[in-house]
Each structure stands twice: as structure tokens, then as C-alpha cells.
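To be precise, the following lines are query05.cif, and they hold mmCIF, C-alpha atoms.
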```
data_entry
loop_
_atom_site.label_atom_id
_atom_site.label_comp_id
_atom_site.auth_asym_id
_atom_site.auth_seq_id
_atom_site.Cartn_x
_atom_site.Cartn_y
_atom_site.Cartn_z
CA GLN A 1 -17.06 5.70 88.97
CA LYS A 2 -16.50 7.99 86.02
CA GLU A 3 -13.10 7.90 84.40
CA VAL A 4 -12.96 11.67 83.92
CA GLU A 5 -14.69 14.74 85.27
CA GLN A 6 -14.99 17.95 83.31
CA ASN A 7 -16.77 21.19 84.06
CA SER A 8 -19.36 21.25 81.32
CA GLY A 9 -19.46 25.07 81.41
CA PRO A 10 -20.09 26.91 79.16
CA LEU A 11 -16.82 28.81 79.36
CA SER A 12 -17.14 32.16 77.64
CA VAL A 13 -13.88 33.57 76.33
CA PRO A 14 -13.29 36.84 74.43
CA GLU A 15 -11.74 36.43 71.02
CA GLY A 16 -7.97 36.49 71.29
CA ALA A 17 -7.88 35.39 74.93
CA ILE A 18 -6.70 32.09 76.39
CA ALA A 19 -9.23 29.35 77.11
CA SER A 20 -8.19 27.01 79.92
CA LEU A 21 -9.93 23.67 80.23
CA ASN A 22 -9.43 21.11 82.98
CA CYS A 23 -10.11 17.42 83.22
CA THR A 24 -9.57 15.36 86.36
CA TYR A 25 -9.33 11.60 86.33
CA SER A 26 -9.76 8.86 88.88
CA ASP A 27 -7.52 6.03 87.68
CA ARG A 28 -3.94 6.58 88.82
CA GLY A 29 -2.87 3.99 86.28
CA SER A 30 -3.89 6.19 83.34
CA GLN A 31 -0.72 7.11 81.52
CA SER A 32 -1.89 9.09 78.51
CA PHE A 33 -4.84 11.12 77.35
CA PHE A 34 -6.69 12.36 74.30
CA TRP A 35 -8.34 15.70 73.77
CA TYR A 36 -11.15 15.79 71.20
CA ARG A 37 -13.13 18.72 69.87
CA GLN A 38 -16.79 18.26 69.00
CA TYR A 39 -18.79 20.86 67.13
CA SER A 40 -22.52 20.85 67.66
CA GLY A 41 -24.15 18.16 65.53
CA LYS A 42 -20.82 16.70 64.42
CA SER A 43 -18.67 13.80 65.56
CA PRO A 44 -15.54 14.39 67.68
CA GLU A 45 -12.17 15.02 66.09
CA LEU A 46 -8.84 14.32 67.74
CA ILE A 47 -6.82 17.46 68.43
CA MET A 48 -4.17 16.36 70.93
CA SER A 49 -2.67 13.25 72.48
CA ILE A 50 -0.40 13.53 75.50
CA TYR A 51 1.62 10.58 76.69
CA SER A 52 3.93 11.92 79.38
CA ASN A 53 3.92 14.28 82.31
CA GLY A 54 4.39 17.91 81.42
CA ASP A 55 3.38 20.08 78.48
CA LYS A 56 2.84 19.35 74.84
CA GLU A 57 2.31 22.16 72.36
CA ASP A 58 0.71 21.96 68.92
CA GLY A 59 -0.02 25.26 67.28
CA ARG A 60 -2.38 27.26 69.48
CA PHE A 61 -3.09 24.25 71.68
CA THR A 62 -1.10 23.16 74.73
CA ALA A 63 -1.96 20.03 76.68
CA GLN A 64 -0.66 19.61 80.21
CA LEU A 65 -0.59 16.34 82.11
CA ASN A 66 -0.03 16.24 85.85
CA LYS A 67 -0.06 12.67 87.06
CA ALA A 68 0.61 13.54 90.69
CA SER A 69 -2.53 15.67 90.84
CA GLN A 70 -4.44 13.50 88.36
CA TYR A 71 -5.49 16.18 85.95
CA VAL A 72 -4.96 17.00 82.34
CA SER A 73 -5.63 20.42 80.92
CA LEU A 74 -5.91 22.07 77.54
CA LEU A 75 -4.99 25.67 76.81
CA ILE A 76 -6.22 27.36 73.67
CA ARG A 77 -4.25 30.51 72.91
CA ASP A 78 -5.56 33.35 70.76
CA SER A 79 -9.05 31.89 70.88
CA GLN A 80 -11.07 32.21 67.69
CA PRO A 81 -14.83 31.95 67.13
CA SER A 82 -14.11 28.70 65.29
CA ASP A 83 -12.86 27.27 68.59
CA SER A 84 -16.42 27.39 69.95
CA ALA A 85 -17.14 23.73 70.60
CA THR A 86 -17.23 21.08 73.29
CA TYR A 87 -13.84 19.66 74.28
CA LEU A 88 -13.67 16.08 75.51
CA CYS A 89 -10.85 14.36 77.32
CA ALA A 90 -10.37 10.62 77.79
CA PRO A 91 -7.62 8.28 78.96
CA SER A 92 -6.12 6.59 75.94
CA GLY A 93 -4.78 3.37 77.37
CA ASN A 94 -8.05 1.76 78.39
CA ASN A 95 -9.94 -0.74 76.31
CA ARG A 96 -12.99 1.46 76.96
CA LEU A 97 -12.97 4.93 75.40
CA ALA A 98 -15.52 6.70 77.52
CA PHE A 99 -16.07 10.44 77.85
CA GLY A 100 -17.48 12.79 80.43
CA LYS A 101 -19.68 15.80 79.76
CA GLY A 102 -16.87 17.76 78.20
CA ASN A 103 -15.97 21.43 78.47
CA GLN A 104 -18.15 23.71 76.35
CA VAL A 105 -16.31 26.75 75.07
CA VAL A 106 -17.93 29.83 73.56
CA VAL A 107 -15.58 32.36 71.99
CA ILE A 108 -17.16 35.79 71.84
CA PRO A 109 -16.10 38.00 68.89
CA GLY B 1 -5.34 11.75 61.08
CA ALA B 2 -6.62 8.39 59.97
CA VAL B 3 -9.92 8.12 58.10
CA VAL B 4 -12.98 6.38 59.47
CA SER B 5 -15.99 6.22 57.19
CA GLN B 6 -19.48 5.72 58.59
CA HIS B 7 -22.50 4.98 56.47
CA PRO B 8 -25.25 6.05 56.13
CA SER B 9 -25.00 9.60 57.43
CA ARG B 10 -28.75 9.87 57.80
CA VAL B 11 -31.50 7.28 57.85
CA ILE B 12 -35.22 7.38 58.46
CA CYS B 13 -36.94 4.11 59.18
CA LYS B 14 -40.35 2.92 60.25
CA SER B 15 -40.99 1.75 63.76
CA GLY B 16 -40.40 -1.98 64.09
CA THR B 17 -37.82 -2.26 61.32
CA SER B 18 -34.08 -2.80 61.68
CA VAL B 19 -31.31 -0.50 60.57
CA LYS B 20 -27.68 -1.37 59.93
CA ILE B 21 -24.89 1.18 60.29
CA GLU B 22 -21.44 0.50 58.89
CA CYS B 23 -18.13 1.79 60.18
CA ARG B 24 -14.97 1.33 58.10
CA SER B 25 -11.38 2.23 58.79
CA LEU B 26 -10.07 3.22 55.38
CA ASP B 27 -6.31 3.50 55.87
CA PHE B 28 -5.53 1.46 58.95
CA GLN B 29 -6.50 -1.77 60.65
CA ALA B 30 -8.83 -1.20 63.56
CA THR B 31 -8.28 -3.74 66.29
CA THR B 32 -10.86 -2.02 68.46
CA MET B 33 -14.03 -0.18 67.54
CA PHE B 34 -16.34 1.76 69.79
CA TRP B 35 -20.00 2.63 69.28
CA TYR B 36 -21.63 5.67 70.84
CA ARG B 37 -25.04 7.27 71.00
CA GLN B 38 -25.65 10.95 71.57
CA PHE B 39 -28.97 12.68 72.19
CA PRO B 40 -29.31 16.41 71.41
CA LYS B 41 -27.27 18.56 73.79
CA LYS B 42 -26.26 15.51 75.79
CA SER B 43 -22.98 13.74 76.42
CA LEU B 44 -21.48 11.14 74.14
CA MET B 45 -22.50 7.80 75.63
CA LEU B 46 -20.39 4.70 75.03
CA MET B 47 -22.63 1.79 74.06
CA ALA B 48 -20.13 -0.98 73.42
CA THR B 49 -16.54 -1.85 72.65
CA SER B 50 -15.68 -4.48 70.08
CA ASN B 51 -12.39 -6.16 69.35
CA GLU B 52 -11.94 -7.82 65.96
CA GLY B 53 -13.07 -11.42 66.03
CA SER B 54 -14.54 -11.21 69.53
CA LYS B 55 -17.97 -10.55 70.92
CA ALA B 56 -18.65 -6.95 71.79
CA THR B 57 -18.56 -5.77 75.39
CA TYR B 58 -21.68 -3.76 76.13
CA GLU B 59 -21.97 -0.98 78.66
CA GLN B 60 -24.35 -1.38 81.52
CA GLY B 61 -27.92 -0.68 80.46
CA VAL B 62 -27.34 -1.24 76.75
CA GLU B 63 -29.38 -4.14 75.37
CA LYS B 64 -27.13 -6.41 73.37
CA ASP B 65 -30.06 -8.10 71.62
CA LYS B 66 -31.35 -4.76 70.44
CA PHE B 67 -28.04 -3.26 69.38
CA LEU B 68 -26.21 -5.99 67.49
CA ILE B 69 -22.55 -5.32 66.88
CA ASN B 70 -20.38 -7.27 64.49
CA HIS B 71 -16.65 -6.70 64.08
CA ALA B 72 -15.81 -9.40 61.59
CA SER B 73 -12.75 -7.81 60.03
CA LEU B 74 -10.03 -5.35 60.93
CA THR B 75 -11.61 -2.65 58.79
CA LEU B 76 -15.34 -3.09 59.30
CA SER B 77 -17.75 -3.03 62.20
CA THR B 78 -21.52 -2.84 61.97
CA LEU B 79 -24.21 -1.79 64.41
CA THR B 80 -27.72 -3.04 63.79
CA VAL B 81 -30.57 -1.41 65.64
CA THR B 82 -33.24 -4.09 65.72
CA SER B 83 -36.97 -3.44 65.99
CA ALA B 84 -36.34 0.28 66.13
CA HIS B 85 -38.69 2.54 68.04
CA PRO B 86 -38.97 6.34 68.11
CA GLU B 87 -36.99 6.48 71.36
CA ASP B 88 -34.04 4.96 69.46
CA SER B 89 -33.85 8.10 67.35
CA SER B 90 -30.42 9.51 68.04
CA PHE B 91 -26.98 10.30 66.64
CA TYR B 92 -24.91 7.12 66.47
CA ILE B 93 -21.14 7.45 66.13
CA CYS B 94 -18.38 4.90 65.75
CA SER B 95 -14.71 5.23 66.60
CA ALA B 96 -11.86 3.03 65.46
CA ARG B 97 -8.48 2.46 67.02
CA GLY B 98 -5.55 0.67 65.43
CA GLY B 99 -2.64 1.91 67.48
CA SER B 100 -2.83 4.30 70.39
CA GLU B 101 -5.11 6.91 68.84
CA ALA B 102 -8.81 6.55 68.08
CA PHE B 103 -10.62 8.30 65.25
CA PHE B 104 -14.31 8.92 64.78
CA GLY B 105 -16.64 8.35 61.88
CA GLN B 106 -18.94 11.11 60.70
CA GLY B 107 -21.91 9.75 62.62
CA THR B 108 -25.35 8.49 61.60
CA ARG B 109 -28.47 10.42 62.41
CA LEU B 110 -31.26 7.89 62.90
CA THR B 111 -34.88 8.94 62.91
CA VAL B 112 -37.51 6.33 63.65
CA VAL B 113 -41.03 7.29 62.61
#
```
Translate the structure of the given file into C-alpha cells.
Amino acid sequence: QKEVEQNSGPLSVPEGAIASLNCTYSDRGSQSFFWYRQYSGKSPELIMSIYSNGDKEDGRFTAQLNKASQYVSLLIRDSQPSDSATYLCAPSGNNRLAFGKGNQVVVIP
Amino acid sequence: GAVVSQHPSRVICKSGTSVKIECRSLDFQATTMFWYRQFPKKSLMLMATSNEGSKATYEQGVEKDKFLINHASLTLSTLTVTSAHPEDSSFYICSARGGSEAFFGQGTRLTVV
């Protein structure tokens, strides 16, 4: 059973709009999550960690964790062409750090 | 974020030879390191998880005798691709975790000819 499920997309978003990405997870014991961004041909980079239920904001990014519904989301406000990438979520507490297909985002100028 | 250095960034080797990839955590002690492989336009696939001083735990379907992982210190892990074949050509990436967050190396693009 996969730890996380993401809609691989691609999600096309006009420049300046909000990109909304969702990630559902299967293990009710997962307490915290990472969001990584991966540009094509590059390795992932950590953009957000969320450790508790609710919202966490960092610049144009907002992560939301809903443990009751077992999903974690990422909002990207004022999307820029440089946000075009694949976004990966993963539970952070496991000894395994495994990813799903990710959410591909394409920001259209 | 913390710095993880992976070396080499690119390597071309002949079929049948072995290649070693190094992953170093430069400013923190990595109790756990992860190794991944990624084919073009495909998902990041976890190959194995290694804890310092212990044998690596390999994912199902990953040959431990072909992909040798050593995590001898808190700042260094190595992946050796033994008897490489063209189908082993891929992008190999390590990740290191010292506390709660995990950081990735730059990746190694392996081409076996």
C-alpha cells in the first residue's frame, strides 16, 4: 500500500493565480509531512514541513494538514513561472522516506 | 536548509564495471540516509534506507548484492553499483536526515555504455 497518493497532473495554472495541490495518505499514525519541489532533471528541495493539524504559511506557500480526513495540501499563491515543477509530499516520521508520483504544476505566463 | 553533497554529479562507465557514489552531510550528522533512483519522467523510487552503523534496508525488488550501500559514519554514505549494465543508467539521488527534516544531494547521473 502506498503511503501517499497524489494526482500527477499536470495542473496548469495562469501566472498570478493560486495552485492547489492535494496529497492523501493511508497511515493514520502519520503526524507530520514534508513538501518537496523537484525541477525537471534536478533533485528535490524541501519547501515546507508541517507538524500539526491546521495551516502553516511560509511566504507564498501554505501547507494544510487535516488528520481527520487524512490529507495534506499545498497552496501556492501568486504563482510564477518559476513554480513550474513537480511537488512531492511524504510523511516525515517514518524510517522510510518514500514518495508518490507527485503533483506536476505548469504555470502559464 | 542543511547541505548534502553528492559526488560525482555525472559518471559514464563501461558495462561490467562498478561505480561508487558518495553522499556527505556537510553541516549535520545524518543518522539516516536514503538512496533513490529516478528514470526520465518517472517517479522518485526509494531503493534503500540506511542507518549509521547498521545494514541497509532495501526496498522490495532492489538487489542488495548489486547496489551496495555503506553508511559507516554519521556524515558519509556510499552507493556502489556493481557490474553495471546499460539498464542501470539512471539518476541516483541520496537524502540525509539528522533530525526531523531530510535534505537531498544534487544527484548523480549514471550512464553505462
Which residue out of B:Ser95, B:Ser90, B:Ser100, B:Ser9 has the minimum interatomic distance to Ser43 in chain B when only C-alpha atoms are used?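 Selected residue with least distance to Ser43 in chain B: B:Ser90.
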Please identify all polymer residues within 12 Å of Ser73 in chain A, counting only C-alpha atoms, omitting same-chain residues fewer than 2 positions from it, and present them as a PyMOL selection string. chain A and resi 4-7+19-25+33-35+48-50+53-57+61-67+69-71+75-76+87-90+102-103
Specify as a PyMOL selection string all residues of chain B found within 10 Å of chain A, counting all atoms listed in the file. chain B and resi 1+32-36+38-51+57+59+91-95+97+100-109
Run the PyMOL selection byres ((chain A and resi 16) around 12) on the file and write out the hits as a ChimeraX atom specification. /A:12-15,17-19,60,76-83,107-109
Take the residues just selected and output them with C-alpha atoms as a PDB file, keeping the file's coordinate frame.
```pdb
ATOM      1  CA  SER A  12     -17.140  32.160  77.640  1.00  0.00           C
ATOM      2  CA  VAL A  13     -13.880  33.570  76.330  1.00  0.00           C
ATOM      3  CA  PRO A  14     -13.290  36.840  74.430  1.00  0.00           C
ATOM      4  CA  GLU A  15     -11.740  36.430  71.020  1.00  0.00           C
ATOM      5  CA  ALA A  17      -7.880  35.390  74.930  1.00  0.00           C
ATOM      6  CA  ILE A  18      -6.700  32.090  76.390  1.00  0.00           C
ATOM      7  CA  ALA A  19      -9.230  29.350  77.110  1.00  0.00           C
ATOM      8  CA  ARG A  60      -2.380  27.260  69.480  1.00  0.00           C
ATOM      9  CA  ILE A  76      -6.220  27.360  73.670  1.00  0.00           C
ATOM     10  CA  ARG A  77      -4.250  30.510  72.910  1.00  0.00           C
ATOM     11  CA  ASP A  78      -5.560  33.350  70.760  1.00  0.00           C
ATOM     12  CA  SER A  79      -9.050  31.890  70.880  1.00  0.00           C
ATOM     13  CA  GLN A  80     -11.070  32.210  67.690  1.00  0.00           C
ATOM     14  CA  PRO A  81     -14.830  31.950  67.130  1.00  0.00           C
ATOM     15  CA  SER A  82     -14.110  28.700  65.290  1.00  0.00           C
ATOM     16  CA  ASP A  83     -12.860  27.270  68.590  1.00  0.00           C
ATOM     17  CA  VAL A 107     -15.580  32.360  71.990  1.00  0.00           C
ATOM     18  CA  ILE A 108     -17.160  35.790  71.840  1.00  0.00           C
ATOM     19  CA  PRO A 109     -16.100  38.000  68.890  1.00  0.00           C
TER      20      PRO A 109
END
```
Record the distance separating CA of Pro86 in chain B and CA of Ser5 in chain B, expressed in Å with one decimal.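 These atoms are spaced 25.4 Å apart.
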Using the chain letters and numbers from this file, what does the PyMOL selection byres ((chain B and resi 14) around 6) select? Give the answer as a PyMOL selection string. chain B and resi 13+15+17+112-113
Export C-alpha atoms of the chosen residues as a PDB file, in the frame of the given file?
```
ATOM      1  CA  CYS B  13     -36.940   4.110  59.180  1.00  0.00           C
ATOM      2  CA  SER B  15     -40.990   1.750  63.760  1.00  0.00           C
ATOM      3  CA  THR B  17     -37.820  -2.260  61.320  1.00  0.00           C
ATOM      4  CA  VAL B 112     -37.510   6.330  63.650  1.00  0.00           C
ATOM      5  CA  VAL B 113     -41.030   7.290  62.610  1.00  0.00           C
TER       6      VAL B 113
END
```
Nearest-residue call for Cys23 in chain B, choices B:Thr82, B:Lys66, B:Ser77, B:Ala96, using only C-alpha atoms: B:Ser77
How far is it from CA of Tyr58 in chain B to CA of Glu22 in chain B, in Å with one decimal?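 Spanning CA of Tyr58 in chain B to CA of Glu22 in chain B is a straight-line distance of 17.8 Å.
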Which residues are close to Thr78 in chain B, i.e. within 9 Å by all atoms listed in the file, leaving aside same-chain residues fewer than 3 positions away? Reply as JSON, numbers by chain. {"B": [20, 21, 22, 23, 24, 68, 69, 70, 71, 72]}
